[in-house]
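S.K.: Here you go, coords_14.txt (compact mmCIF, N, CA and C atoms):
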```txt
# COMPACT_ATOMS: atom_id res chain seq x y z
N MET A 1 0.86 -1.18 0.00
CA MET A 1 0.00 0.00 0.00
C MET A 1 0.90 1.23 0.00
N ASN A 2 0.55 2.21 -0.83
CA ASN A 2 1.39 3.40 -0.88
C ASN A 2 1.05 4.35 0.26
N LYS A 3 1.91 5.32 0.44
CA LYS A 3 1.81 6.24 1.58
C LYS A 3 0.50 7.04 1.56
N GLU A 4 0.10 7.53 0.38
CA GLU A 4 -1.13 8.33 0.29
C GLU A 4 -2.35 7.54 0.73
N LYS A 5 -2.43 6.30 0.26
CA LYS A 5 -3.58 5.45 0.63
C LYS A 5 -3.57 5.16 2.13
N ARG A 6 -2.39 4.93 2.70
CA ARG A 6 -2.28 4.67 4.14
C ARG A 6 -2.76 5.89 4.93
N ILE A 7 -2.36 7.08 4.49
CA ILE A 7 -2.77 8.30 5.17
C ILE A 7 -4.29 8.46 5.11
N ILE A 8 -4.87 8.24 3.94
CA ILE A 8 -6.32 8.37 3.78
C ILE A 8 -7.05 7.35 4.65
N GLU A 9 -6.57 6.12 4.70
CA GLU A 9 -7.20 5.10 5.54
C GLU A 9 -7.08 5.46 7.02
N THR A 10 -5.95 6.04 7.39
CA THR A 10 -5.76 6.48 8.77
C THR A 10 -6.76 7.59 9.11
N VAL A 11 -6.91 8.54 8.21
CA VAL A 11 -7.86 9.65 8.42
C VAL A 11 -9.29 9.10 8.49
N LYS A 12 -9.64 8.18 7.60
CA LYS A 12 -10.98 7.59 7.60
C LYS A 12 -11.30 6.95 8.95
N GLU A 13 -10.38 6.17 9.48
CA GLU A 13 -10.60 5.51 10.77
C GLU A 13 -10.64 6.53 11.90
N PHE A 14 -9.78 7.52 11.84
CA PHE A 14 -9.77 8.57 12.87
C PHE A 14 -11.12 9.27 12.90
N LEU A 15 -11.65 9.62 11.73
CA LEU A 15 -12.95 10.27 11.64
C LEU A 15 -14.08 9.34 12.07
N ALA A 16 -13.96 8.05 11.72
CA ALA A 16 -14.99 7.08 12.08
C ALA A 16 -15.13 6.95 13.60
N HIS A 17 -14.05 7.20 14.32
CA HIS A 17 -14.07 7.15 15.79
C HIS A 17 -14.26 8.54 16.40
N GLY A 18 -14.59 9.50 15.59
CA GLY A 18 -14.84 10.86 16.07
C GLY A 18 -13.61 11.53 16.66
N GLY A 19 -12.43 11.03 16.31
CA GLY A 19 -11.20 11.61 16.83
C GLY A 19 -10.90 11.20 18.26
N GLU A 20 -11.75 10.35 18.84
CA GLU A 20 -11.58 9.93 20.24
C GLU A 20 -10.90 8.58 20.31
N ILE A 21 -9.75 8.46 19.66
CA ILE A 21 -9.00 7.21 19.65
C ILE A 21 -7.52 7.55 19.70
N SER A 22 -6.78 6.79 20.48
CA SER A 22 -5.34 7.06 20.60
C SER A 22 -4.61 6.54 19.36
N ASP A 23 -3.39 7.02 19.17
CA ASP A 23 -2.59 6.56 18.04
C ASP A 23 -2.36 5.05 18.13
N LYS A 24 -2.13 4.56 19.34
CA LYS A 24 -1.88 3.13 19.54
C LYS A 24 -3.12 2.31 19.17
N GLU A 25 -4.29 2.74 19.64
CA GLU A 25 -5.53 2.03 19.32
C GLU A 25 -5.82 2.10 17.82
N LEU A 26 -5.56 3.24 17.21
CA LEU A 26 -5.79 3.41 15.79
C LEU A 26 -4.86 2.51 14.97
N ALA A 27 -3.63 2.36 15.42
CA ALA A 27 -2.69 1.47 14.73
C ALA A 27 -3.18 0.03 14.78
N VAL A 28 -3.74 -0.39 15.92
CA VAL A 28 -4.26 -1.75 16.05
C VAL A 28 -5.42 -1.95 15.08
N VAL A 29 -6.34 -0.98 15.02
CA VAL A 29 -7.49 -1.07 14.11
C VAL A 29 -7.01 -1.17 12.67
N LEU A 30 -6.07 -0.33 12.29
CA LEU A 30 -5.56 -0.34 10.92
C LEU A 30 -4.86 -1.64 10.59
N ASN A 31 -4.06 -2.15 11.53
CA ASN A 31 -3.39 -3.43 11.30
C ASN A 31 -4.40 -4.56 11.15
N ASN A 32 -5.49 -4.51 11.93
CA ASN A 32 -6.54 -5.53 11.80
C ASN A 32 -7.25 -5.43 10.46
N ASN A 33 -7.24 -4.23 9.87
CA ASN A 33 -7.85 -4.03 8.55
C ASN A 33 -6.86 -4.29 7.41
N GLY A 34 -5.66 -4.77 7.74
CA GLY A 34 -4.68 -5.11 6.72
C GLY A 34 -3.76 -3.99 6.31
N ILE A 35 -3.73 -2.92 7.07
CA ILE A 35 -2.85 -1.77 6.76
C ILE A 35 -1.72 -1.79 7.77
N LYS A 36 -0.53 -2.15 7.30
CA LYS A 36 0.61 -2.26 8.20
C LYS A 36 1.07 -0.87 8.62
N THR A 37 1.01 -0.62 9.94
CA THR A 37 1.40 0.69 10.48
C THR A 37 1.76 0.54 11.95
N SER A 38 2.22 1.62 12.54
CA SER A 38 2.54 1.66 13.96
C SER A 38 1.96 2.94 14.55
N SER A 39 1.98 3.04 15.87
CA SER A 39 1.42 4.23 16.51
C SER A 39 2.19 5.49 16.12
N SER A 40 3.50 5.38 15.97
CA SER A 40 4.27 6.56 15.58
C SER A 40 3.98 6.97 14.14
N THR A 41 3.76 5.99 13.27
CA THR A 41 3.40 6.29 11.89
C THR A 41 2.02 6.92 11.83
N VAL A 42 1.08 6.44 12.66
CA VAL A 42 -0.25 7.03 12.72
C VAL A 42 -0.14 8.50 13.10
N GLY A 43 0.66 8.82 14.10
CA GLY A 43 0.84 10.20 14.52
C GLY A 43 1.40 11.07 13.41
N ARG A 44 2.40 10.56 12.71
CA ARG A 44 2.97 11.32 11.59
C ARG A 44 1.95 11.48 10.46
N ASP A 45 1.20 10.41 10.17
CA ASP A 45 0.21 10.47 9.09
C ASP A 45 -0.88 11.49 9.38
N LEU A 46 -1.29 11.61 10.64
CA LEU A 46 -2.36 12.53 10.99
C LEU A 46 -1.90 13.99 11.07
N THR A 47 -0.62 14.20 11.14
CA THR A 47 -0.15 15.59 11.24
C THR A 47 0.58 15.97 9.96
N ASP A 48 1.84 15.69 9.89
CA ASP A 48 2.65 16.10 8.75
C ASP A 48 2.20 15.44 7.45
N GLY A 49 1.92 14.17 7.51
CA GLY A 49 1.53 13.43 6.30
C GLY A 49 0.25 13.96 5.70
N TYR A 50 -0.75 14.20 6.55
CA TYR A 50 -2.03 14.69 6.04
C TYR A 50 -1.89 16.10 5.48
N GLU A 51 -1.17 16.96 6.17
CA GLU A 51 -0.97 18.33 5.69
C GLU A 51 -0.26 18.32 4.33
N GLY A 52 0.77 17.49 4.20
CA GLY A 52 1.48 17.38 2.93
C GLY A 52 0.59 16.85 1.82
N LEU A 53 -0.21 15.86 2.15
CA LEU A 53 -1.14 15.28 1.18
C LEU A 53 -2.19 16.30 0.77
N LYS A 54 -2.70 17.04 1.74
CA LYS A 54 -3.73 18.05 1.47
C LYS A 54 -3.19 19.14 0.55
N ASN A 55 -1.95 19.51 0.75
CA ASN A 55 -1.36 20.59 -0.02
C ASN A 55 -0.95 20.18 -1.44
N SER A 56 -0.80 18.88 -1.69
CA SER A 56 -0.31 18.46 -3.01
C SER A 56 -1.04 17.25 -3.56
N TYR A 57 -2.33 17.09 -3.25
CA TYR A 57 -3.01 15.88 -3.70
C TYR A 57 -3.34 15.92 -5.19
N ASN A 58 -3.43 14.71 -5.76
CA ASN A 58 -3.78 14.52 -7.16
C ASN A 58 -5.19 13.94 -7.19
N HIS A 59 -6.13 14.66 -7.78
CA HIS A 59 -7.54 14.25 -7.79
C HIS A 59 -7.75 12.84 -8.33
N SER A 60 -6.93 12.38 -9.22
CA SER A 60 -7.18 11.10 -9.86
C SER A 60 -6.69 9.90 -9.05
N THR A 61 -5.81 10.10 -8.08
CA THR A 61 -5.23 8.95 -7.40
C THR A 61 -5.72 8.72 -5.98
N ILE A 62 -6.36 9.71 -5.35
CA ILE A 62 -6.81 9.52 -3.98
C ILE A 62 -8.26 9.95 -3.81
N ASP A 63 -8.86 9.51 -2.71
CA ASP A 63 -10.25 9.80 -2.41
C ASP A 63 -10.37 11.26 -1.94
N CYS A 64 -10.82 12.13 -2.82
CA CYS A 64 -10.84 13.58 -2.56
C CYS A 64 -11.78 13.99 -1.43
N GLN A 65 -12.79 13.18 -1.12
CA GLN A 65 -13.73 13.59 -0.07
C GLN A 65 -13.06 13.66 1.30
N TYR A 66 -11.89 13.05 1.45
CA TYR A 66 -11.19 13.09 2.73
C TYR A 66 -10.08 14.14 2.75
N ILE A 67 -10.06 15.00 1.75
CA ILE A 67 -9.07 16.06 1.68
C ILE A 67 -9.80 17.41 1.76
N SER A 68 -9.76 18.05 2.92
CA SER A 68 -10.39 19.36 3.05
C SER A 68 -9.78 20.11 4.22
N GLN A 69 -9.97 21.41 4.22
CA GLN A 69 -9.49 22.25 5.31
C GLN A 69 -10.24 21.94 6.60
N GLU A 70 -11.55 21.61 6.48
CA GLU A 70 -12.37 21.30 7.66
C GLU A 70 -11.84 20.05 8.37
N ILE A 71 -11.51 19.04 7.59
CA ILE A 71 -10.97 17.80 8.18
C ILE A 71 -9.61 18.09 8.81
N ALA A 72 -8.78 18.88 8.13
CA ALA A 72 -7.47 19.23 8.67
C ALA A 72 -7.62 19.97 10.00
N SER A 73 -8.57 20.89 10.08
CA SER A 73 -8.81 21.63 11.32
C SER A 73 -9.32 20.70 12.42
N PHE A 74 -10.23 19.79 12.07
CA PHE A 74 -10.76 18.83 13.04
C PHE A 74 -9.64 17.98 13.62
N ILE A 75 -8.79 17.45 12.75
CA ILE A 75 -7.67 16.60 13.20
C ILE A 75 -6.75 17.40 14.11
N LYS A 76 -6.41 18.61 13.70
CA LYS A 76 -5.51 19.45 14.50
C LYS A 76 -6.10 19.73 15.87
N ASN A 77 -7.39 20.07 15.92
CA ASN A 77 -8.05 20.36 17.20
C ASN A 77 -8.10 19.14 18.10
N LYS A 78 -8.47 17.99 17.55
CA LYS A 78 -8.55 16.76 18.36
C LYS A 78 -7.18 16.36 18.90
N ARG A 79 -6.16 16.52 18.07
CA ARG A 79 -4.81 16.15 18.53
C ARG A 79 -4.31 17.14 19.59
N SER A 80 -4.69 18.40 19.48
CA SER A 80 -4.34 19.38 20.51
C SER A 80 -5.04 19.07 21.82
N GLU A 81 -6.32 18.69 21.74
CA GLU A 81 -7.07 18.29 22.94
C GLU A 81 -6.43 17.08 23.60
N ALA A 82 -6.05 16.10 22.79
CA ALA A 82 -5.43 14.88 23.33
C ALA A 82 -4.10 15.21 24.00
N LEU A 83 -3.32 16.11 23.41
CA LEU A 83 -2.04 16.50 24.00
C LEU A 83 -2.26 17.19 25.34
N LEU A 84 -3.24 18.06 25.41
CA LEU A 84 -3.54 18.75 26.66
C LEU A 84 -3.96 17.75 27.75
N LYS A 85 -4.83 16.80 27.39
CA LYS A 85 -5.26 15.77 28.35
C LYS A 85 -4.06 14.94 28.83
N ALA A 86 -3.16 14.61 27.90
CA ALA A 86 -1.98 13.83 28.26
C ALA A 86 -1.07 14.59 29.21
N LYS A 87 -0.91 15.89 28.98
CA LYS A 87 -0.07 16.70 29.87
C LYS A 87 -0.68 16.81 31.25
N ILE A 88 -1.99 16.96 31.31
CA ILE A 88 -2.67 17.02 32.61
C ILE A 88 -2.50 15.70 33.35
N LYS A 89 -2.73 14.60 32.65
CA LYS A 89 -2.60 13.28 33.26
C LYS A 89 -1.16 13.05 33.73
N GLY A 90 -0.18 13.46 32.91
CA GLY A 90 1.22 13.31 33.28
C GLY A 90 1.58 14.13 34.51
N GLY A 91 1.05 15.35 34.58
CA GLY A 91 1.31 16.21 35.74
C GLY A 91 0.73 15.63 37.01
N ILE A 92 -0.48 15.10 36.92
CA ILE A 92 -1.12 14.48 38.09
C ILE A 92 -0.33 13.26 38.53
N THR A 93 0.05 12.43 37.58
CA THR A 93 0.84 11.23 37.90
C THR A 93 2.17 11.61 38.53
N PHE A 94 2.82 12.64 37.99
CA PHE A 94 4.09 13.10 38.54
C PHE A 94 3.92 13.55 39.99
N SER A 95 2.87 14.32 40.25
CA SER A 95 2.68 14.84 41.61
C SER A 95 2.34 13.73 42.60
N ILE A 96 1.68 12.69 42.14
CA ILE A 96 1.36 11.55 43.01
C ILE A 96 2.62 10.77 43.34
N ASN A 97 3.50 10.60 42.36
CA ASN A 97 4.67 9.74 42.50
C ASN A 97 5.93 10.44 43.01
N ASN A 98 5.88 11.75 43.19
CA ASN A 98 7.08 12.49 43.58
C ASN A 98 6.78 13.45 44.72
N THR A 99 7.82 13.79 45.45
CA THR A 99 7.71 14.72 46.57
C THR A 99 8.54 15.95 46.26
N VAL A 100 7.98 17.10 46.54
CA VAL A 100 8.70 18.36 46.35
C VAL A 100 9.73 18.51 47.46
N VAL A 101 10.93 18.93 47.07
CA VAL A 101 12.01 19.16 48.04
C VAL A 101 12.25 20.66 48.11
N ARG A 102 12.24 21.18 49.35
CA ARG A 102 12.46 22.62 49.57
C ARG A 102 13.64 22.81 50.52
N ASP A 103 14.29 23.94 50.39
CA ASP A 103 15.40 24.24 51.30
C ASP A 103 14.83 24.80 52.62
N LYS A 104 15.72 25.19 53.52
CA LYS A 104 15.29 25.66 54.84
C LYS A 104 14.44 26.93 54.79
N ASP A 105 14.56 27.70 53.67
CA ASP A 105 13.77 28.92 53.52
C ASP A 105 12.46 28.67 52.78
N GLY A 106 12.21 27.42 52.42
CA GLY A 106 10.97 27.07 51.74
C GLY A 106 11.03 27.22 50.25
N LYS A 107 12.22 27.46 49.71
CA LYS A 107 12.35 27.60 48.26
C LYS A 107 12.48 26.23 47.61
N PHE A 108 11.83 26.10 46.47
CA PHE A 108 11.87 24.85 45.70
C PHE A 108 13.27 24.55 45.22
N ILE A 109 13.75 23.33 45.49
CA ILE A 109 15.07 22.94 45.00
C ILE A 109 15.03 21.66 44.17
N GLY A 110 13.88 21.05 44.06
CA GLY A 110 13.78 19.85 43.22
C GLY A 110 12.68 18.91 43.66
N CYS A 111 12.72 17.72 43.09
CA CYS A 111 11.74 16.68 43.41
C CYS A 111 12.48 15.38 43.68
N ARG A 112 11.80 14.52 44.44
CA ARG A 112 12.36 13.22 44.77
C ARG A 112 11.27 12.19 44.66
N LYS A 113 11.62 11.02 44.19
CA LYS A 113 10.64 9.92 44.10
C LYS A 113 10.21 9.50 45.47
```
Written as structure tokens, that's how I'd like the structure from this file.

M.R.:
Amino acid sequence: MNKEKRIIETVKEFLAHGGEISDKELAVVLNNNGIKTSSSTVGRDLTDGYEGLKNSYNHSTIDCQYISQEIASFIKNKRSEALLKAKIKGGITFSINNTVVRDKDGKFIGCRK
């Protein structure tokens, strides 16, 4: 399967799940559908790959209904939301698993497990 078709299939599945699917889960779905990919490839396909495809697509070789500014904006917004949720979750996990270390004056000097 060529790169353009893989990107379009990735976008189709992402949209089919309303953007509420992780890169890892999306890679599993795509692999089950016979599209060899990984979570890191899914991430690249949804960001750089899709933007590149959108900017230089050939009407005769790919499914044009999945190439639009609206879809690009939707993907960008969903991925930004997911990044924000991941940072919040990471911060909470960090604060649970670590202790703040302060000097005798109460100034922050680091963290300890």

S.K.: Using DSSP assignments from the backbone, pull out every residue in chain A that falls under alpha helix (DSSP H) and give it to me as a PyMOL selection string.

M.R.: chain A and resi 3-16+23-32+39-44+50-55+69-97

S.K.: Given only C-alpha atoms as the basis, pick out the residue of A:Val11, A:Val28, A:Ile21, A:Val42 nearest to Glu81 of chain A.

M.R.: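 Of the candidates, the smallest distance to Glu81 of chain A is held by A:Ile21.
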
S.K.: Compile the contact shell of Ser80 of chain A as a list in words: residues with an atom at most 12 Å away, counting only C-alpha atoms, same-chain residues fewer than 5 positions apart removed.

M.R.: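 The contact residues come out as Gly19, Glu20, Leu46, Thr47, Ser73, Phe74, Ile75, Lys85, Ala86 and Lys87 of chain A.
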
S.K.: Using atom C of Asn2 of chain A and atom N of Leu53 of chain A as the two end points, give the distance in Å to one decimal.

M.R.: 11.7 Å

S.K.: Quick one: distance from atom N of Phe14 of chain A to atom CA of Leu26 of chain A in Å, one decimal?

M.R.: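 So the answer is 7.0 Å.
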
S.K.: Kindly list the centre and edge lengths in Å, rounded to one decimal, for the axis-aligned box that covers all listed atoms of segment 82-93 of chain A plus 5 Å on each of its six sides, as lines of an AutoDock Vina configuration file.

M.R.:
```
center_x = -1.9
center_y = 15.0
center_z = 30.7
size_x = 18.2
size_y = 17.5
size_z = 25.7
```

S.K.: Among chain A, which residues carry a DSSP assignment of strand (DSSP E or B), reported as a ChimeraX atom specification?

M.R.: /A:99-102,108-112

S.K.: Selected residues, N, CA and C atoms, written as a CSV table (one decimal), keeping the file's coordinate frame, please.

M.R.:
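The new file selection-v5.csv reads:
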```
chain,number,residue,atom,x,y,z
A,99,THR,N,7.8,13.8,45.4
A,99,THR,CA,7.7,14.7,46.6
A,99,THR,C,8.5,16.0,46.3
A,100,VAL,N,8.0,17.1,46.5
A,100,VAL,CA,8.7,18.4,46.4
A,100,VAL,C,9.7,18.5,47.5
A,101,VAL,N,10.9,18.9,47.1
A,101,VAL,CA,12.0,19.2,48.0
A,101,VAL,C,12.2,20.7,48.1
A,102,ARG,N,12.2,21.2,49.4
A,102,ARG,CA,12.5,22.6,49.6
A,102,ARG,C,13.6,22.8,50.5
A,108,PHE,N,11.8,26.1,46.5
A,108,PHE,CA,11.9,24.8,45.7
A,108,PHE,C,13.3,24.6,45.2
A,109,ILE,N,13.8,23.3,45.5
A,109,ILE,CA,15.1,22.9,45.0
A,109,ILE,C,15.0,21.7,44.2
A,110,GLY,N,13.9,21.0,44.1
A,110,GLY,CA,13.8,19.8,43.2
A,110,GLY,C,12.7,18.9,43.7
A,111,CYS,N,12.7,17.7,43.1
A,111,CYS,CA,11.7,16.7,43.4
A,111,CYS,C,12.5,15.4,43.7
A,112,ARG,N,11.8,14.5,44.4
A,112,ARG,CA,12.4,13.2,44.8
A,112,ARG,C,11.3,12.2,44.7
```

S.K.: Report, in Å to a single decimal, how far apart atom CA of Gly90 of chain A and atom CA of Lys104 of chain A are.

M.R.: 28.6 Å

S.K.: Could you give me, as a list of chain:residue names, the residues within 8 Å of Ser40 of chain A, counting only N, CA and C atoms and dropping anything in the same chain fewer than 6 positions from it?

M.R.: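 Here the qualifying residues turn out to be A:Asp23, A:Lys24, A:Ala27, A:Leu46.
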
S.K.: Which residue is closest to Lys36 of chain A? Choose from A:Thr10, A:Ser56, A:Ser22, A:Asn97 and count only C-alpha atoms.

M.R.: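 Of A:Thr10, A:Ser56, A:Ser22, A:Asn97, the one nearest Lys36 of chain A, counting only C-alpha atoms, is A:Thr10.
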
S.K.: Closest to Thr37 of chain A among A:Lys3, A:Asp105, A:Glu51, A:Lys76, using only C-alpha atoms?

M.R.: A:Lys3

S.K.: Restricting the calculation to only C-alpha atoms, which member of A:Lys5, A:Lys107, A:Lys89, A:Arg44 is positioned closest to Ile67 of chain A?

M.R.: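 Of A:Lys5, A:Lys107, A:Lys89, A:Arg44, the one nearest Ile67 of chain A is A:Lys5, counting only C-alpha atoms.
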